[in-house]
>>> print(open('query16.cif').read())   # mmCIF, C-alpha atoms
data_entry
loop_
_atom_site.group_PDB
_atom_site.id
_atom_site.type_symbol
_atom_site.label_atom_id
_atom_site.label_comp_id
_atom_site.auth_asym_id
_atom_site.auth_seq_id
_atom_site.Cartn_x
_atom_site.Cartn_y
_atom_site.Cartn_z
ATOM 1 C CA MET A 158 0.000 0.000 0.000
ATOM 2 C CA THR A 159 1.266 3.460 -0.847
ATOM 3 C CA SER A 160 1.985 5.523 2.254
ATOM 4 C CA VAL A 161 0.252 8.840 2.788
ATOM 5 C CA ASN A 162 2.156 11.858 4.067
ATOM 6 C CA THR A 163 0.643 14.847 5.845
ATOM 7 C CA VAL A 164 2.502 18.089 5.252
ATOM 8 C CA SER A 165 2.028 21.734 6.092
ATOM 9 C CA LEU A 166 0.653 23.996 3.405
ATOM 10 C CA TRP A 167 3.323 26.500 4.342
ATOM 11 C CA ASN A 168 6.093 24.051 3.441
ATOM 12 C CA SER A 169 7.785 25.652 0.446
ATOM 13 C CA ASP A 170 7.306 22.543 -1.730
ATOM 14 C CA ILE A 171 3.577 22.392 -0.997
ATOM 15 C CA ALA A 172 3.055 26.118 -1.498
ATOM 16 C CA ALA A 173 4.791 25.765 -4.872
ATOM 17 C CA ALA A 174 2.527 22.814 -5.749
ATOM 18 C CA PHE A 175 -0.592 24.977 -5.693
ATOM 19 C CA THR A 176 1.075 27.623 -7.819
ATOM 20 C CA ASN A 177 2.297 24.975 -10.256
ATOM 21 C CA ALA A 178 -1.208 23.504 -10.471
ATOM 22 C CA MET A 179 -2.432 26.932 -11.574
ATOM 23 C CA ARG A 180 0.447 27.611 -13.969
ATOM 24 C CA HIS A 181 0.218 24.220 -15.674
ATOM 25 C CA ARG A 182 -3.595 24.288 -15.750
ATOM 26 C CA VAL A 183 -3.930 20.824 -14.246
ATOM 27 C CA ASN A 184 -7.337 19.300 -13.610
ATOM 28 C CA VAL A 185 -8.546 19.818 -10.047
ATOM 29 C CA ARG A 186 -11.424 17.938 -8.443
ATOM 30 C CA VAL A 187 -13.440 19.588 -5.683
ATOM 31 C CA ARG A 188 -16.062 17.785 -3.595
ATOM 32 C CA CYS A 189 -18.263 20.273 -1.806
ATOM 33 C CA CYS A 190 -21.652 20.916 -0.218
ATOM 34 C CA ILE A 191 -23.252 24.149 -1.476
ATOM 35 C CA LEU A 192 -26.731 25.539 -2.097
ATOM 36 C CA ASN A 193 -28.476 24.483 -5.299
ATOM 37 C CA ASP A 194 -32.025 25.755 -5.937
ATOM 38 C CA GLY A 195 -32.130 26.837 -2.301
ATOM 39 C CA LYS A 196 -31.129 23.439 -0.881
ATOM 40 C CA PRO A 197 -27.674 22.184 0.183
ATOM 41 C CA VAL A 198 -26.414 19.414 -2.101
ATOM 42 C CA ASP A 199 -23.192 17.465 -2.479
ATOM 43 C CA MET A 200 -21.367 18.171 -5.750
ATOM 44 C CA ILE A 201 -18.304 16.831 -7.501
ATOM 45 C CA LEU A 202 -16.715 19.591 -9.559
ATOM 46 C CA HIS A 203 -13.823 19.433 -12.008
ATOM 47 C CA GLY A 204 -11.942 22.527 -13.112
ATOM 48 C CA ARG A 205 -8.769 24.547 -12.660
ATOM 49 C CA PHE A 206 -7.181 27.042 -10.322
ATOM 50 C CA ARG A 207 -7.118 30.567 -11.723
ATOM 51 C CA ARG A 208 -5.610 32.431 -8.784
ATOM 52 C CA VAL A 209 -3.709 31.306 -5.687
ATOM 53 C CA GLU A 210 -3.059 33.844 -2.947
ATOM 54 C CA GLY A 211 -1.851 32.286 0.288
ATOM 55 C CA ARG A 212 -4.665 30.080 1.575
ATOM 56 C CA GLU A 213 -7.297 31.545 -0.756
ATOM 57 C CA VAL A 214 -7.875 30.033 -4.197
ATOM 58 C CA GLN A 215 -10.185 30.849 -7.093
ATOM 59 C CA PHE A 216 -11.446 27.603 -8.646
ATOM 60 C CA VAL A 217 -13.006 27.751 -12.135
ATOM 61 C CA VAL A 218 -15.679 25.084 -12.745
ATOM 62 C CA ARG A 219 -15.567 23.155 -16.031
ATOM 63 C CA HIS A 220 -17.740 20.145 -15.143
ATOM 64 C CA LYS A 221 -20.426 19.663 -12.467
ATOM 65 C CA GLU A 222 -22.043 16.523 -11.079
ATOM 66 C CA ILE A 223 -24.702 16.621 -8.347
ATOM 67 C CA THR A 224 -24.623 13.654 -5.967
ATOM 68 C CA PRO A 225 -28.174 12.319 -5.442
ATOM 69 C CA GLY A 226 -29.646 11.940 -1.982
ATOM 70 C CA LYS A 227 -29.382 13.905 1.220
ATOM 71 C CA CYS A 228 -26.350 16.141 1.658
ATOM 72 C CA LYS A 229 -23.760 14.213 3.695
ATOM 73 C CA SER A 230 -21.301 17.060 4.249
ATOM 74 C CA GLU A 231 -21.505 20.278 6.194
ATOM 75 C CA GLU A 232 -22.615 23.205 4.059
ATOM 76 C CA ASN A 233 -19.790 25.251 2.482
ATOM 77 C CA THR A 234 -17.137 22.653 3.255
ATOM 78 C CA CYS A 235 -15.015 21.130 0.497
ATOM 79 C CA GLU A 236 -12.173 18.795 -0.309
ATOM 80 C CA TYR A 237 -9.798 19.240 -3.264
ATOM 81 C CA PHE A 238 -7.572 16.845 -5.191
ATOM 82 C CA PHE A 239 -5.067 17.299 -8.011
ATOM 83 C CA CYS A 240 -1.915 15.678 -9.372
ATOM 84 C CA LEU A 241 1.398 17.114 -10.494
ATOM 85 C CA GLU A 242 3.981 15.333 -12.638
ATOM 86 C CA ASP A 243 7.744 15.347 -12.332
ATOM 87 C CA MET A 244 10.559 13.622 -14.197
ATOM 88 C CA THR A 245 13.066 11.720 -12.064
ATOM 89 C CA PRO A 246 16.060 9.548 -13.031
ATOM 90 C CA SER A 247 13.745 6.510 -12.726
ATOM 91 C CA GLY A 248 11.035 8.007 -14.955
ATOM 92 C CA ARG A 249 7.831 10.014 -14.701
ATOM 93 C CA VAL A 250 6.280 10.415 -11.227
ATOM 94 C CA ARG A 251 2.805 11.708 -10.329
ATOM 95 C CA LEU A 252 2.151 13.068 -6.850
ATOM 96 C CA GLY A 253 -1.414 13.535 -5.593
ATOM 97 C CA TYR A 254 -2.391 16.419 -3.302
ATOM 98 C CA GLN A 255 -5.578 16.396 -1.228
ATOM 99 C CA GLY A 256 -6.939 18.464 1.605
ATOM 100 C CA PRO A 257 -10.018 20.154 3.100
ATOM 101 C CA GLY A 258 -11.196 23.712 2.736
ATOM 102 C CA MET A 259 -14.079 26.156 3.044
ATOM 103 C CA VAL A 260 -16.226 27.742 0.328
ATOM 104 C CA LEU A 261 -16.030 31.504 0.887
ATOM 105 C CA ASP A 262 -18.068 32.653 -2.108
ATOM 106 C CA ILE A 263 -19.713 31.327 -5.285
ATOM 107 C CA GLY A 264 -19.721 32.990 -8.698
ATOM 108 C CA TYR A 265 -22.467 32.487 -11.294
ATOM 109 C CA SER A 266 -22.771 33.372 -14.968
ATOM 110 C CA GLU A 267 -25.483 35.599 -16.441
ATOM 111 C CA LYS A 268 -27.514 32.427 -17.067
ATOM 112 C CA ASN A 269 -27.204 31.547 -13.359
ATOM 113 C CA GLU A 270 -24.816 28.689 -14.103
ATOM 114 C CA LEU A 271 -22.129 27.806 -11.570
ATOM 115 C CA ARG A 272 -18.917 29.469 -12.787
ATOM 116 C CA ASN A 273 -16.358 29.506 -9.969
ATOM 117 C CA LEU A 274 -15.750 28.987 -6.255
ATOM 118 C CA PHE A 275 -13.596 31.027 -3.931
ATOM 119 C CA LEU A 276 -11.970 28.620 -1.467
ATOM 120 C CA ARG A 277 -9.909 28.899 1.689
ATOM 121 C CA LEU A 278 -7.602 25.926 2.136
ATOM 122 C CA ALA A 279 -6.696 24.257 5.418
ATOM 123 C CA ASN A 280 -3.207 24.520 6.919
ATOM 124 C CA THR A 281 -2.260 20.969 5.940
ATOM 125 C CA CYS A 282 -2.731 18.598 3.013
ATOM 126 C CA SER A 283 -2.016 14.935 2.299
ATOM 127 C CA THR A 284 0.222 13.680 -0.506
ATOM 128 C CA ARG A 285 0.985 10.325 -2.059
ATOM 129 C CA GLN A 286 2.551 8.902 -5.181
ATOM 130 C CA MET A 287 -0.039 7.985 -7.820
ATOM 131 C CA ARG A 288 -0.033 5.890 -10.966
ATOM 132 C CA ARG A 289 2.272 7.308 -13.605
ATOM 133 C CA ASP A 290 -0.704 8.054 -15.893
ATOM 134 C CA ARG A 291 -4.362 8.736 -15.257
ATOM 135 C CA ARG A 292 -6.514 5.714 -16.054
ATOM 136 C CA ILE A 293 -9.811 7.133 -17.316
ATOM 137 C CA ARG A 294 -13.052 5.185 -17.468
ATOM 138 C CA TRP A 295 -14.160 5.267 -21.086
ATOM 139 C CA SER A 296 -17.437 5.149 -23.013
ATOM 140 C CA ASN A 297 -18.232 4.866 -26.722
ATOM 141 C CA GLU A 298 -19.229 8.537 -26.828
ATOM 142 C CA ARG A 299 -15.638 9.464 -26.008
ATOM 143 C CA SER A 300 -14.288 7.815 -29.174
ATOM 144 C CA ARG A 301 -14.767 8.937 -32.752
ATOM 145 C CA LEU A 302 -12.727 5.926 -33.777
ATOM 146 C CA ALA A 303 -11.155 3.029 -31.884
ATOM 147 C CA GLY A 304 -9.982 -0.476 -32.693
ATOM 148 C CA VAL A 305 -7.483 -3.221 -31.960
ATOM 149 C CA MET A 306 -6.199 -6.098 -34.060
ATOM 150 C CA PRO A 307 -3.626 -8.876 -33.664
ATOM 151 C CA LEU A 308 -0.517 -8.459 -35.784
ATOM 152 C CA ASP A 309 1.211 -11.145 -37.794
ATOM 153 C CA GLU A 310 3.843 -8.604 -38.801
ATOM 154 C CA VAL A 311 4.454 -4.991 -37.789
ATOM 155 C CA PRO A 312 3.457 -2.665 -40.673
ATOM 156 C CA ALA A 313 6.551 -1.032 -42.156
ATOM 157 C CA THR A 314 4.986 1.348 -44.705
ATOM 158 C CA ARG A 315 2.007 3.650 -44.942
ATOM 159 C CA VAL A 316 0.490 1.354 -47.563
ATOM 160 C CA GLU A 317 0.699 -1.655 -45.231
ATOM 161 C CA LEU A 318 -0.882 0.342 -42.410
ATOM 162 C CA ARG A 319 -3.674 1.565 -44.688
ATOM 163 C CA ASP A 320 -4.389 -2.003 -45.798
ATOM 164 C CA LEU A 321 -4.565 -3.168 -42.171
ATOM 165 C CA LEU A 322 -7.032 -0.451 -41.217
ATOM 166 C CA THR A 323 -9.126 -1.073 -44.343
ATOM 167 C CA ARG A 324 -9.288 -4.759 -43.457
ATOM 168 C CA TYR A 325 -10.438 -3.863 -39.943
ATOM 169 C CA TYR A 326 -13.184 -1.530 -41.189
ATOM 170 C CA ASN A 327 -14.440 -4.221 -43.570
ATOM 171 C CA SER A 328 -14.628 -6.811 -40.778
ATOM 172 C CA SER A 329 -17.469 -7.332 -38.317
ATOM 173 C CA GLN A 330 -15.605 -5.601 -35.481
ATOM 174 C CA PRO A 331 -17.562 -2.827 -33.703
ATOM 175 C CA ASN A 332 -16.559 0.747 -34.449
ATOM 176 C CA PRO A 333 -15.668 2.388 -32.225
ATOM 177 C CA LEU A 334 -14.409 -0.554 -30.206
ATOM 178 C CA PRO A 335 -15.724 -0.391 -26.581
ATOM 179 C CA LEU A 336 -13.019 0.442 -24.031
ATOM 180 C CA VAL A 337 -13.133 -0.121 -20.277
ATOM 181 C CA ASN A 338 -10.455 2.494 -19.624
ATOM 182 C CA LEU A 339 -7.707 4.428 -21.357
ATOM 183 C CA SER A 340 -4.470 6.107 -20.296
ATOM 184 C CA ALA A 341 -1.400 7.551 -21.965
ATOM 185 C CA SER A 342 0.391 4.242 -21.444
ATOM 186 C CA GLY A 343 -2.259 1.612 -22.137
ATOM 187 C CA ALA A 344 -5.883 0.554 -22.447
ATOM 188 C CA CYS A 345 -8.362 -2.153 -21.546
ATOM 189 C CA ALA A 346 -10.438 -3.008 -24.633
ATOM 190 C CA CYS A 347 -13.550 -5.191 -24.978
ATOM 191 C CA VAL A 348 -12.727 -7.774 -27.631
ATOM 192 C CA THR A 349 -13.864 -11.227 -28.695
ATOM 193 C CA GLU A 350 -12.400 -14.227 -26.929
ATOM 194 C CA GLU A 351 -10.549 -15.144 -30.125
ATOM 195 C CA VAL A 352 -8.775 -11.773 -30.230
ATOM 196 C CA ALA A 353 -8.101 -11.825 -26.467
ATOM 197 C CA GLN A 354 -6.469 -15.265 -26.636
ATOM 198 C CA TYR A 355 -4.334 -14.467 -29.691
ATOM 199 C CA SER A 356 -0.799 -15.623 -29.006
ATOM 200 C CA ARG A 357 2.341 -15.415 -31.077
ATOM 201 C CA SER A 358 6.063 -15.323 -30.382
ATOM 202 C CA GLY A 359 7.720 -11.922 -30.317
ATOM 203 C CA SER A 360 7.375 -8.745 -28.274
ATOM 204 C CA ILE A 361 4.635 -6.906 -30.195
ATOM 205 C CA PHE A 362 1.231 -8.476 -30.511
ATOM 206 C CA TYR A 363 -1.490 -5.881 -31.220
ATOM 207 C CA LEU A 364 -2.129 -2.708 -33.194
ATOM 208 C CA PHE A 365 -4.288 -0.275 -31.191
ATOM 209 C CA PHE A 366 -5.681 2.958 -32.623
ATOM 210 C CA ILE A 367 -8.020 5.659 -31.342
ATOM 211 C CA VAL A 368 -9.331 9.140 -32.112
ATOM 212 C CA PRO A 369 -10.764 10.645 -28.880
ATOM 213 C CA SER A 370 -13.898 12.756 -29.297
ATOM 214 C CA LYS A 371 -12.136 15.882 -28.011
ATOM 215 C CA ALA A 372 -9.203 15.595 -30.393
ATOM 216 C CA PRO A 373 -9.057 18.294 -33.106
ATOM 217 C CA ALA A 374 -10.774 17.242 -36.335
ATOM 218 C CA SER A 375 -7.512 17.658 -38.261
ATOM 219 C CA ALA A 376 -5.436 15.564 -35.833
ATOM 220 C CA PRO A 377 -4.264 12.130 -37.055
ATOM 221 C CA PRO A 378 -5.284 9.071 -35.028
ATOM 222 C CA HIS A 379 -3.192 7.766 -32.153
ATOM 223 C CA ILE A 380 -1.695 4.446 -33.285
ATOM 224 C CA PHE A 381 0.298 2.135 -31.034
ATOM 225 C CA LEU A 382 2.113 -1.182 -31.199
ATOM 226 C CA SER A 383 0.933 -2.811 -27.981
ATOM 227 C CA LYS A 384 1.873 -5.658 -25.699
ATOM 228 C CA LYS A 385 -0.712 -7.944 -24.145
ATOM 229 C CA MET A 386 -0.569 -7.599 -20.351
ATOM 230 C CA GLY A 387 -3.421 -9.969 -19.565
ATOM 231 C CA ILE A 388 -7.188 -10.361 -19.743
ATOM 232 C CA SER A 389 -9.955 -9.317 -17.341
ATOM 233 C CA ARG A 390 -13.221 -11.174 -17.012
ATOM 234 C CA ASN A 391 -16.591 -9.593 -16.194
ATOM 235 C CA VAL A 392 -15.526 -6.036 -17.079
ATOM 236 C CA CYS A 393 -17.298 -5.852 -20.463
ATOM 237 C CA GLU A 394 -20.995 -6.138 -21.263
ATOM 238 C CA GLU A 395 -19.975 -8.224 -24.260
ATOM 239 C CA GLY A 396 -16.597 -9.855 -24.834
ATOM 240 C CA THR A 397 -13.420 -9.999 -22.778
ATOM 241 C CA GLY A 398 -11.284 -7.207 -21.374
ATOM 242 C CA LEU A 399 -7.894 -7.189 -23.116
ATOM 243 C CA ARG A 400 -5.288 -5.207 -21.145
ATOM 244 C CA LEU A 401 -2.674 -3.565 -23.356
ATOM 245 C CA LEU A 402 0.575 -1.694 -22.723
ATOM 246 C CA PHE A 403 1.552 0.814 -25.417
ATOM 247 C CA ALA A 404 5.087 -0.098 -26.465
ATOM 248 C CA GLU A 405 5.654 2.044 -29.561
ATOM 249 C CA GLU A 406 3.798 5.023 -31.028
ATOM 250 C CA LEU A 407 3.513 5.958 -34.694
ATOM 251 C CA ASN A 408 5.427 9.161 -35.397
ATOM 252 C CA TRP A 409 3.291 11.178 -37.826
ATOM 253 C CA GLU A 410 6.008 13.810 -38.258
ATOM 254 C CA SER A 411 8.121 11.357 -40.213
ATOM 255 C CA SER A 412 7.789 11.922 -43.960
ATOM 256 C CA GLY A 413 8.167 9.369 -46.714
ATOM 257 C CA PRO A 414 6.516 5.997 -47.324
ATOM 258 C CA ASN A 415 8.152 4.153 -44.408
ATOM 259 C CA LEU A 416 6.690 4.273 -40.903
ATOM 260 C CA LEU A 417 8.694 5.488 -37.921
ATOM 261 C CA TRP A 418 7.807 4.073 -34.495
ATOM 262 C CA SER A 419 8.888 5.720 -31.211
ATOM 263 C CA ASP A 420 9.563 3.663 -28.073
ATOM 264 C CA ILE A 421 7.241 4.936 -25.306
ATOM 265 C CA VAL A 422 7.266 2.062 -22.791
ATOM 266 C CA ALA A 423 9.040 4.145 -20.146
ATOM 267 C CA THR A 424 7.168 7.411 -20.701
ATOM 268 C CA GLY A 425 3.756 6.777 -22.247
ATOM 269 C CA SER A 426 2.398 8.932 -25.059
ATOM 270 C CA ASP A 427 2.820 12.662 -24.450
ATOM 271 C CA ARG A 428 0.436 13.420 -27.321
ATOM 272 C CA LEU A 429 -2.354 11.205 -25.984
ATOM 273 C CA ARG A 430 -1.717 12.430 -22.438
ATOM 274 C CA ALA A 431 -2.296 16.036 -23.515
ATOM 275 C CA CYS A 432 -5.578 15.053 -25.183
ATOM 276 C CA LEU A 433 -6.788 13.071 -22.154
ATOM 277 C CA ASP A 434 -6.279 16.107 -19.913
ATOM 278 C CA ASP A 435 -9.624 17.366 -21.279
ATOM 279 C CA TYR A 436 -11.438 14.385 -19.716
ATOM 280 C CA PRO A 437 -12.015 14.979 -15.985
ATOM 281 C CA GLU A 438 -12.817 11.500 -14.756
ATOM 282 C CA GLU A 439 -10.011 9.676 -12.926
ATOM 283 C CA GLU A 440 -10.115 6.245 -11.293
ATOM 284 C CA ASP A 441 -7.181 6.633 -8.945
ATOM 285 C CA GLU A 442 -8.260 9.884 -7.291
ATOM 286 C CA THR A 443 -9.562 8.229 -4.144
ATOM 287 C CA VAL A 444 -9.557 9.750 -0.683
ATOM 288 C CA LEU A 445 -5.947 9.747 0.411
ATOM 289 C CA THR A 446 -6.706 9.589 4.104
ATOM 290 C CA ALA A 447 -9.168 6.673 3.839
#
>>> encode(input="query16.cif", output="structure tokens")
Amino acid sequence: MTSVNTVSLWNSDIAAAFTNAMRHRVNVRVRCCILNDGKPVDMILHGRFRRVEGREVQFVVRHKEITPGKCKSEENTCEYFFCLEDMTPSGRVRLGYQGPGMVLDIGYSEKNELRNLFLRLANTCSTRQMRRDRRIRWSNERSRLAGVMPLDEVPATRVELRDLLTRYYNSSQPNPLPLVNLSASGACACVTEEVAQYSRSGSIFYLFFIVPSKAPASAPPHIFLSKKMGISRNVCEEGTGLRLLFAEELNWESSGPNLLWSDIVATGSDRLRACLDDYPEEEDETVLTA
């Protein structure tokens, strides 16, 4: 189990963490109890810090979810969570920050929509090391395109890749392929038992490709050579969960007919990671002090 550390907000490293969260526009989750239509309700909000001044923070709301049922928290209390990344000699590290606070004021738009919260943070917060990459629960609506196929040989040219994708589109495979979750370093895809049990000697087994719904229309798909890490039962409505690790990523900046693949086992895909930052949902953002 990962240990949890409690540190003072006034520690220079922690004070810098809040400023860095604002500067790098990281996703912040805030659980709070505030008035909604005259009644206190629990909400889960996702957004970003816009201003950090000592203990007081302006939090801009990008996504709102009202928790059904009776409010379980004290009105105008909150709890925040965010992650910051750092590169160390051993690779990329993500550190999670979580702590309580108070809602000082609430800002609304002209249409009376929740726009921002003004928060006062507590004197201490908890930290712990997280997964290297956010693992996001996925739905078909989040993919414009997605698929996976076993490889007999790694495609070496653009023509070979085009033929592979054409063959996939002409098959009976669903499009987009249902995914259980997705991260910058791997995915869990719902596939047939035949595809899940595919086995062949060598280090690369599957071609995985996806176009997230929030990717720019002009952006090329994300295409990875992937290793099979295992299978998961009872995670898909239909089929079997195939767990993949992205080993190499197609480099679209390479010109010419031959494909160039970049090794990303140790780092994950920076390009996909930047796109996934627009999706607020995170599996590993659990209560640190639980």
>>> resolve_selection(input="query16.cif", expression="the PyMOL selection byres ((chain A and resi 266-273) around 9)", output="list of chain:residue names")
A:Gly204, A:Gln215, A:Phe216, A:Val217, A:Val218, A:Arg219, A:Lys221, A:Asp262, A:Ile263, A:Gly264, A:Tyr265, A:Leu274, A:Phe275
>>> residues_around(input="query16.cif", residues="A:Asn177", least_positions_apart="6", cutoff="10 Å", atoms="only C-alpha atoms", output="CSV table (one decimal) with C-alpha atoms, keeping the file's coordinate frame")
chain,number,residue,atom,x,y,z
A,171,ILE,CA,3.6,22.4,-1.0
A,183,VAL,CA,-3.9,20.8,-14.2
A,206,PHE,CA,-7.2,27.0,-10.3
A,209,VAL,CA,-3.7,31.3,-5.7
A,241,LEU,CA,1.4,17.1,-10.5
>>> closest_atom_pairs(input="query16.cif", of="stretch 363-418 of chain A", to="stretch 332-348 of chain A", cutoff="12 Å", atoms="all atoms listed in the file", output="Markdown table")
| residue | atom | partner | partner_atom | distance |
| --- | --- | --- | --- | --- |
| A:Tyr363 | CA | A:Ala346 | CA | 11.5 |
| A:Leu364 | CA | A:Ala344 | CA | 11.8 |
| A:Phe365 | CA | A:Ala344 | CA | 8.9 |
| A:Phe366 | CA | A:Leu334 | CA | 9.7 |
| A:Ile367 | CA | A:Pro333 | CA | 8.4 |
| A:Val368 | CA | A:Pro333 | CA | 9.3 |
| A:Pro369 | CA | A:Pro333 | CA | 10.2 |
| A:Ser370 | CA | A:Pro333 | CA | 10.9 |
| A:His379 | CA | A:Ala341 | CA | 10.3 |
| A:Ile380 | CA | A:Gly343 | CA | 11.5 |
| A:Phe381 | CA | A:Gly343 | CA | 9.3 |
| A:Leu382 | CA | A:Gly343 | CA | 10.4 |
| A:Ser383 | CA | A:Gly343 | CA | 8.0 |
| A:Lys384 | CA | A:Gly343 | CA | 9.1 |
| A:Lys385 | CA | A:Gly343 | CA | 9.9 |
| A:Met386 | CA | A:Gly343 | CA | 9.5 |
| A:Gly387 | CA | A:Cys345 | CA | 9.5 |
| A:Ile388 | CA | A:Cys345 | CA | 8.5 |
| A:Ser389 | CA | A:Cys345 | CA | 8.5 |
| A:Arg390 | CA | A:Cys347 | CA | 10.0 |
| A:Asn391 | CA | A:Cys347 | CA | 10.3 |
| A:Val392 | CA | A:Val337 | CA | 7.1 |
| A:Cys393 | CA | A:Cys347 | CA | 5.9 |
| A:Glu394 | CA | A:Cys347 | CA | 8.4 |
| A:Glu395 | CA | A:Cys347 | CA | 7.1 |
| A:Gly396 | CA | A:Val348 | CA | 5.2 |
| A:Thr397 | CA | A:Cys347 | CA | 5.3 |
| A:Gly398 | CA | A:Cys347 | CA | 4.7 |
| A:Leu399 | CA | A:Ala346 | CA | 5.1 |
| A:Arg400 | CA | A:Cys345 | CA | 4.4 |
| A:Leu401 | CA | A:Ala344 | CA | 5.3 |
| A:Leu402 | CA | A:Gly343 | CA | 4.4 |
| A:Phe403 | CA | A:Gly343 | CA | 5.1 |
| A:Ala404 | CA | A:Ser342 | CA | 8.1 |
| A:Glu405 | CA | A:Ser342 | CA | 9.9 |
| A:Glu406 | CA | A:Ser342 | CA | 10.2 |
>>> atom_distance(input="query16.cif", atom1="atom CA of A:Ala303", atom2="atom CA of A:Pro378")
9.0 Å
>>> resolve_selection(input="query16.cif", expression="the PyMOL selection byres ((chain A and resi 254) around 8)", output="MDAnalysis selection string")
chainID A and resid 237:240 252:253 255:256 282:285
>>> write_last_selection(input="query16.cif", atoms="C-alpha atoms", output="compact mmCIF listing (two decimals), keeping the file's coordinate frame")
# COMPACT_ATOMS: atom_id res chain seq x y z
CA TYR A 237 -9.80 19.24 -3.26
CA PHE A 238 -7.57 16.84 -5.19
CA PHE A 239 -5.07 17.30 -8.01
CA CYS A 240 -1.92 15.68 -9.37
CA LEU A 252 2.15 13.07 -6.85
CA GLY A 253 -1.41 13.54 -5.59
CA GLN A 255 -5.58 16.40 -1.23
CA GLY A 256 -6.94 18.46 1.60
CA CYS A 282 -2.73 18.60 3.01
CA SER A 283 -2.02 14.94 2.30
CA THR A 284 0.22 13.68 -0.51
CA ARG A 285 0.98 10.32 -2.06
>>> atom_distance(input="query16.cif", atom1="atom CA of A:Arg207", atom2="atom CA of A:Asp243")
21.3 Å
>>> resolve_selection(input="query16.cif", expression="the PyMOL selection byres ((chain A and resi 197-200) around 12)", output="MDAnalysis selection string")
chainID A and resid 186:196 201:203 218 220:237 271
>>> residues_near_point(input="query16.cif", point="(4.2, 7.3, -36.3)", cutoff="8 Å", atoms="only C-alpha atoms", output="number ranges by chain")
A: 380, 406-411, 416-419
>>> write_last_selection(input="query16.cif", atoms="C-alpha atoms", output="JSON list (two decimals), in the coordinates of the input")
[["chain", "number", "residue", "atom", "x", "y", "z"],
["A", 380, "ILE", "CA", -1.70, 4.45, -33.28],
["A", 406, "GLU", "CA", 3.80, 5.02, -31.03],
["A", 407, "LEU", "CA", 3.51, 5.96, -34.69],
["A", 408, "ASN", "CA", 5.43, 9.16, -35.40],
["A", 409, "TRP", "CA", 3.29, 11.18, -37.83],
["A", 410, "GLU", "CA", 6.01, 13.81, -38.26],
["A", 411, "SER", "CA", 8.12, 11.36, -40.21],
["A", 416, "LEU", "CA", 6.69, 4.27, -40.90],
["A", 417, "LEU", "CA", 8.69, 5.49, -37.92],
["A", 418, "TRP", "CA", 7.81, 4.07, -34.49],
["A", 419, "SER", "CA", 8.89, 5.72, -31.21]]
>>> atom_distance(input="query16.cif", atom1="atom CA of A:Val214", atom2="atom CA of A:Ala431")
24.5 Å
>>> closest_residue(input="query16.cif", among="A:Arg299, A:Glu317, A:Arg205, A:Glu310", to="A:Cys432", atoms="only C-alpha atoms")
A:Arg299
>>> closest_residue(input="query16.cif", among="A:Glu242, A:Asp420, A:Arg319, A:Met259", to="A:Ala174", atoms="only C-alpha atoms")
A:Glu242
